[in-house]
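Below is one structure, written out as structure tokens; comments come after it.
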Amino acid sequence: MRGRGHACRAGLGAGLLLALVHMGAPASAAPARTVSYYTTEQAQRGEGAYQQFCAVCHGASLAGAFDVPPLKGRFVTNWSGATLDRLFDYISKAMPLFSPGALTPAQNADLVAFILRENGVPAGKVDLPATDAALKTMMFPVISADRVK
Ligand code: HEC
């Protein structure tokens, strides 16, 4: 019976996470719109850019280092509920730290897709757009940090 209880709780947690992910779009967005965060192909491109430009500091598995923050796990508490243009802008203007602003908007959108994937956000059917105006209408889903290890 104990085992069964655990399974139920795990199921409930996953369902809750899914519900939160699906509530991702802000209330002002057209309610009928399907939330479609990024595509698997886009996240794969982002992974390539990440390994080339970011992994040297943030680590191959996004775990960060002594003086560099991780990009998953507790990372999500910084961005959960914020519109995606914020993360996109931050990466566009402040990263990579040794040459901020060096990457193209498309590369930065790919990086956001990769970071979403690594934090457990499911892929959709449409690429993340690479403009502030479009990203402002999308939200970094509210994820609990201890669900992303
Ligand atoms: C030379 C090392 C270095 C490189 C390369 C680098 N970063 Fe960073 N990054 C940092 C440091 C240090 C911080 C913390 C900056 C601060 O607190 O002001 C940071 C912060 C961040 C944050 C904010 C983290 C948070 O908790 O909110 C993001 C997102 C980020 N980097 C993404 C990237 C991406 C994407 C790339 C590759 C395009 C990249 N970084 C490349 C060193 C680096």
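The way I read the labels, and the way they are meant: chains A, B, ... in the order of the structure tokens, residue 1 as the first residue of every chain, and ligand 1 as the first ligand shown, with later ones counted on from there.
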Near-ligand residues for ligand 1, threshold 10 Å, only C-alpha atoms and all ligand atoms, as an mmCIF file with N, CA and C atoms, in the first residue's frame:
```cif
data_model
loop_
_atom_site.group_PDB
_atom_site.id
_atom_site.type_symbol
_atom_site.label_atom_id
_atom_site.label_comp_id
_atom_site.auth_asym_id
_atom_site.auth_seq_id
_atom_site.Cartn_x
_atom_site.Cartn_y
_atom_site.Cartn_z
ATOM 1 N N GLY A 46 19.966 24.851 -30.700
ATOM 2 C CA GLY A 46 20.378 25.584 -29.503
ATOM 3 C C GLY A 46 21.440 24.830 -28.720
ATOM 4 N N GLU A 47 21.316 23.515 -28.702
ATOM 5 C CA GLU A 47 22.307 22.707 -27.989
ATOM 6 C C GLU A 47 23.678 22.879 -28.641
ATOM 7 N N ALA A 49 24.772 25.499 -30.353
ATOM 8 C CA ALA A 49 25.278 26.832 -30.011
ATOM 9 C C ALA A 49 25.726 26.866 -28.553
ATOM 10 N N TYR A 50 24.933 26.202 -27.703
ATOM 11 C CA TYR A 50 25.272 26.180 -26.285
ATOM 12 C C TYR A 50 26.638 25.540 -26.060
ATOM 13 N N GLN A 51 26.844 24.370 -26.693
ATOM 14 C CA GLN A 51 28.123 23.678 -26.467
ATOM 15 C C GLN A 51 29.281 24.518 -27.006
ATOM 16 N N GLN A 52 29.014 25.280 -28.070
ATOM 17 C CA GLN A 52 30.071 26.085 -28.671
ATOM 18 C C GLN A 52 30.369 27.356 -27.868
ATOM 19 N N PHE A 53 29.315 28.035 -27.380
ATOM 20 C CA PHE A 53 29.528 29.371 -26.811
ATOM 21 C C PHE A 53 29.312 29.466 -25.305
ATOM 22 N N CYS A 54 28.646 28.516 -24.708
ATOM 23 C CA CYS A 54 28.203 28.704 -23.327
ATOM 24 C C CYS A 54 28.756 27.650 -22.367
ATOM 25 N N ALA A 55 28.965 26.440 -22.888
ATOM 26 C CA ALA A 55 29.311 25.323 -22.013
ATOM 27 C C ALA A 55 30.624 25.554 -21.280
ATOM 28 N N VAL A 56 31.525 26.311 -21.907
ATOM 29 C CA VAL A 56 32.824 26.552 -21.287
ATOM 30 C C VAL A 56 32.649 27.149 -19.879
ATOM 31 N N CYS A 57 31.629 27.954 -19.691
ATOM 32 C CA CYS A 57 31.392 28.533 -18.353
ATOM 33 C C CYS A 57 30.256 27.820 -17.608
ATOM 34 N N HIS A 58 29.106 27.637 -18.289
ATOM 35 C CA HIS A 58 27.938 27.094 -17.584
ATOM 36 C C HIS A 58 27.967 25.567 -17.466
ATOM 37 N N GLY A 59 28.964 24.930 -18.113
ATOM 38 C CA GLY A 59 29.095 23.481 -18.006
ATOM 39 C C GLY A 59 28.293 22.748 -19.070
ATOM 40 N N LEU A 62 24.785 22.205 -18.016
ATOM 41 C CA LEU A 62 24.107 23.401 -17.498
ATOM 42 C C LEU A 62 24.171 23.540 -15.973
ATOM 43 N N GLY A 64 26.459 24.823 -14.152
ATOM 44 C CA GLY A 64 27.169 25.984 -13.636
ATOM 45 C C GLY A 64 28.480 25.568 -12.997
ATOM 46 N N ALA A 65 29.124 26.537 -12.382
ATOM 47 C CA ALA A 65 30.395 26.271 -11.714
ATOM 48 C C ALA A 65 30.454 27.179 -10.498
ATOM 49 N N PHE A 66 31.556 27.123 -9.818
ATOM 50 C CA PHE A 66 31.721 27.897 -8.590
ATOM 51 C C PHE A 66 31.289 29.365 -8.757
ATOM 52 N N ASP A 67 31.718 30.017 -9.828
ATOM 53 C CA ASP A 67 31.396 31.438 -10.004
ATOM 54 C C ASP A 67 30.442 31.687 -11.177
ATOM 55 N N VAL A 68 29.814 30.643 -11.684
ATOM 56 C CA VAL A 68 28.873 30.782 -12.802
ATOM 57 C C VAL A 68 27.559 30.100 -12.410
ATOM 58 N N PRO A 69 26.427 30.810 -12.571
ATOM 59 C CA PRO A 69 25.152 30.195 -12.158
ATOM 60 C C PRO A 69 24.762 29.039 -13.076
ATOM 61 N N PRO A 70 23.998 28.070 -12.553
ATOM 62 C CA PRO A 70 23.475 26.979 -13.396
ATOM 63 C C PRO A 70 22.366 27.524 -14.290
ATOM 64 N N LEU A 71 22.064 26.825 -15.381
ATOM 65 C CA LEU A 71 20.951 27.228 -16.249
ATOM 66 C C LEU A 71 19.817 26.224 -16.160
ATOM 67 N N LYS A 72 19.839 25.387 -15.125
ATOM 68 C CA LYS A 72 18.661 24.586 -14.814
ATOM 69 C C LYS A 72 18.597 24.392 -13.304
ATOM 70 N N GLY A 73 17.512 23.727 -12.858
ATOM 71 C CA GLY A 73 17.336 23.604 -11.420
ATOM 72 C C GLY A 73 16.925 24.934 -10.833
ATOM 73 N N ARG A 74 17.668 25.433 -9.838
ATOM 74 C CA ARG A 74 17.243 26.666 -9.162
ATOM 75 C C ARG A 74 17.151 27.845 -10.125
ATOM 76 N N PHE A 75 17.808 27.730 -11.262
ATOM 77 C CA PHE A 75 17.702 28.724 -12.329
ATOM 78 C C PHE A 75 16.249 29.107 -12.623
ATOM 79 N N VAL A 76 15.348 28.100 -12.627
ATOM 80 C CA VAL A 76 13.969 28.372 -13.051
ATOM 81 C C VAL A 76 13.271 29.384 -12.150
ATOM 82 N N THR A 77 13.684 29.461 -10.888
ATOM 83 C CA THR A 77 12.999 30.404 -9.998
ATOM 84 C C THR A 77 13.256 31.853 -10.440
ATOM 85 N N ASN A 78 14.343 32.082 -11.165
ATOM 86 C CA ASN A 78 14.623 33.447 -11.643
ATOM 87 C C ASN A 78 13.721 33.860 -12.803
ATOM 88 N N TRP A 79 13.202 32.878 -13.529
ATOM 89 C CA TRP A 79 12.516 33.206 -14.787
ATOM 90 C C TRP A 79 11.079 32.709 -14.841
ATOM 91 N N ARG A 86 12.257 38.446 -21.796
ATOM 92 C CA ARG A 86 13.224 38.829 -20.757
ATOM 93 C C ARG A 86 14.477 37.959 -20.818
ATOM 94 N N LEU A 87 14.273 36.649 -20.888
ATOM 95 C CA LEU A 87 15.403 35.723 -20.964
ATOM 96 C C LEU A 87 16.144 35.910 -22.290
ATOM 97 N N PHE A 88 15.374 36.061 -23.369
ATOM 98 C CA PHE A 88 15.941 36.280 -24.702
ATOM 99 C C PHE A 88 16.805 37.554 -24.696
ATOM 100 N N ASP A 89 16.276 38.615 -24.121
ATOM 101 C CA ASP A 89 17.021 39.888 -24.056
ATOM 102 C C ASP A 89 18.274 39.738 -23.222
ATOM 103 N N TYR A 90 18.143 39.050 -22.097
ATOM 104 C CA TYR A 90 19.310 38.884 -21.220
ATOM 105 C C TYR A 90 20.417 38.156 -21.978
ATOM 106 N N ILE A 91 20.055 37.055 -22.604
ATOM 107 C CA ILE A 91 21.062 36.287 -23.343
ATOM 108 C C ILE A 91 21.605 37.124 -24.502
ATOM 109 N N SER A 92 20.724 37.843 -25.182
ATOM 110 C CA SER A 92 21.152 38.648 -26.335
ATOM 111 C C SER A 92 22.128 39.742 -25.938
ATOM 112 N N LYS A 93 21.892 40.363 -24.778
ATOM 113 C CA LYS A 93 22.691 41.533 -24.410
ATOM 114 C C LYS A 93 23.855 41.214 -23.491
ATOM 115 N N ALA A 94 23.720 40.192 -22.649
ATOM 116 C CA ALA A 94 24.745 39.964 -21.621
ATOM 117 C C ALA A 94 25.614 38.745 -21.873
ATOM 118 N N MET A 95 25.196 37.857 -22.803
ATOM 119 C CA MET A 95 25.922 36.595 -23.002
ATOM 120 C C MET A 95 26.349 36.456 -24.463
ATOM 121 N N PRO A 96 27.338 35.642 -24.826
ATOM 122 C CA PRO A 96 28.273 35.026 -23.878
ATOM 123 C C PRO A 96 29.121 36.097 -23.192
ATOM 124 N N LEU A 97 29.438 35.867 -21.961
ATOM 125 C CA LEU A 97 30.047 36.886 -21.108
ATOM 126 C C LEU A 97 31.299 37.503 -21.729
ATOM 127 N N PHE A 98 32.058 36.717 -22.489
ATOM 128 C CA PHE A 98 33.300 37.260 -23.049
ATOM 129 C C PHE A 98 33.059 38.101 -24.312
ATOM 130 N N SER A 99 31.879 37.970 -24.939
ATOM 131 C CA SER A 99 31.568 38.815 -26.102
ATOM 132 C C SER A 99 30.060 39.019 -26.213
ATOM 133 N N PRO A 100 29.497 39.791 -25.257
ATOM 134 C CA PRO A 100 28.038 39.969 -25.202
ATOM 135 C C PRO A 100 27.497 40.495 -26.528
ATOM 136 N N GLY A 101 26.357 39.965 -26.947
ATOM 137 C CA GLY A 101 25.715 40.457 -28.159
ATOM 138 C C GLY A 101 26.298 39.872 -29.423
ATOM 139 N N ALA A 102 27.187 38.897 -29.303
ATOM 140 C CA ALA A 102 27.866 38.357 -30.486
ATOM 141 C C ALA A 102 26.969 37.421 -31.297
ATOM 142 N N LEU A 103 25.940 36.862 -30.690
ATOM 143 C CA LEU A 103 25.137 35.871 -31.399
ATOM 144 C C LEU A 103 23.942 36.529 -32.110
ATOM 145 N N GLN A 107 20.033 32.559 -33.210
ATOM 146 C CA GLN A 107 20.821 31.718 -32.293
ATOM 147 C C GLN A 107 20.319 31.882 -30.855
ATOM 148 N N ASN A 108 19.988 33.117 -30.484
ATOM 149 C CA ASN A 108 19.544 33.341 -29.108
ATOM 150 C C ASN A 108 18.179 32.697 -28.852
ATOM 151 N N ALA A 109 17.307 32.709 -29.853
ATOM 152 C CA ALA A 109 16.015 32.028 -29.699
ATOM 153 C C ALA A 109 16.251 30.518 -29.583
ATOM 154 N N ASP A 110 17.190 29.995 -30.385
ATOM 155 C CA ASP A 110 17.521 28.569 -30.292
ATOM 156 C C ASP A 110 18.031 28.235 -28.890
ATOM 157 N N LEU A 111 18.828 29.125 -28.327
ATOM 158 C CA LEU A 111 19.364 28.892 -26.975
ATOM 159 C C LEU A 111 18.249 28.876 -25.936
ATOM 160 N N VAL A 112 17.276 29.783 -26.085
ATOM 161 C CA VAL A 112 16.139 29.784 -25.153
ATOM 162 C C VAL A 112 15.389 28.452 -25.286
ATOM 163 N N PHE A 114 16.590 25.549 -26.193
ATOM 164 C CA PHE A 114 17.408 24.513 -25.546
ATOM 165 C C PHE A 114 17.277 24.588 -24.021
ATOM 166 N N ILE A 115 17.317 25.788 -23.472
ATOM 167 C CA ILE A 115 17.212 25.955 -22.016
ATOM 168 C C ILE A 115 15.829 25.486 -21.533
#
```
Contacts of stretch 125-134 of chain A at 7 Å (only C-alpha atoms; same-chain gap of 6+ positions) as a count of residues only: 10
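For the atom pair formed by atom CA of A:Arg45 and atom CA of A:Gly124, the distance is 15.1 Å, given to one decimal.
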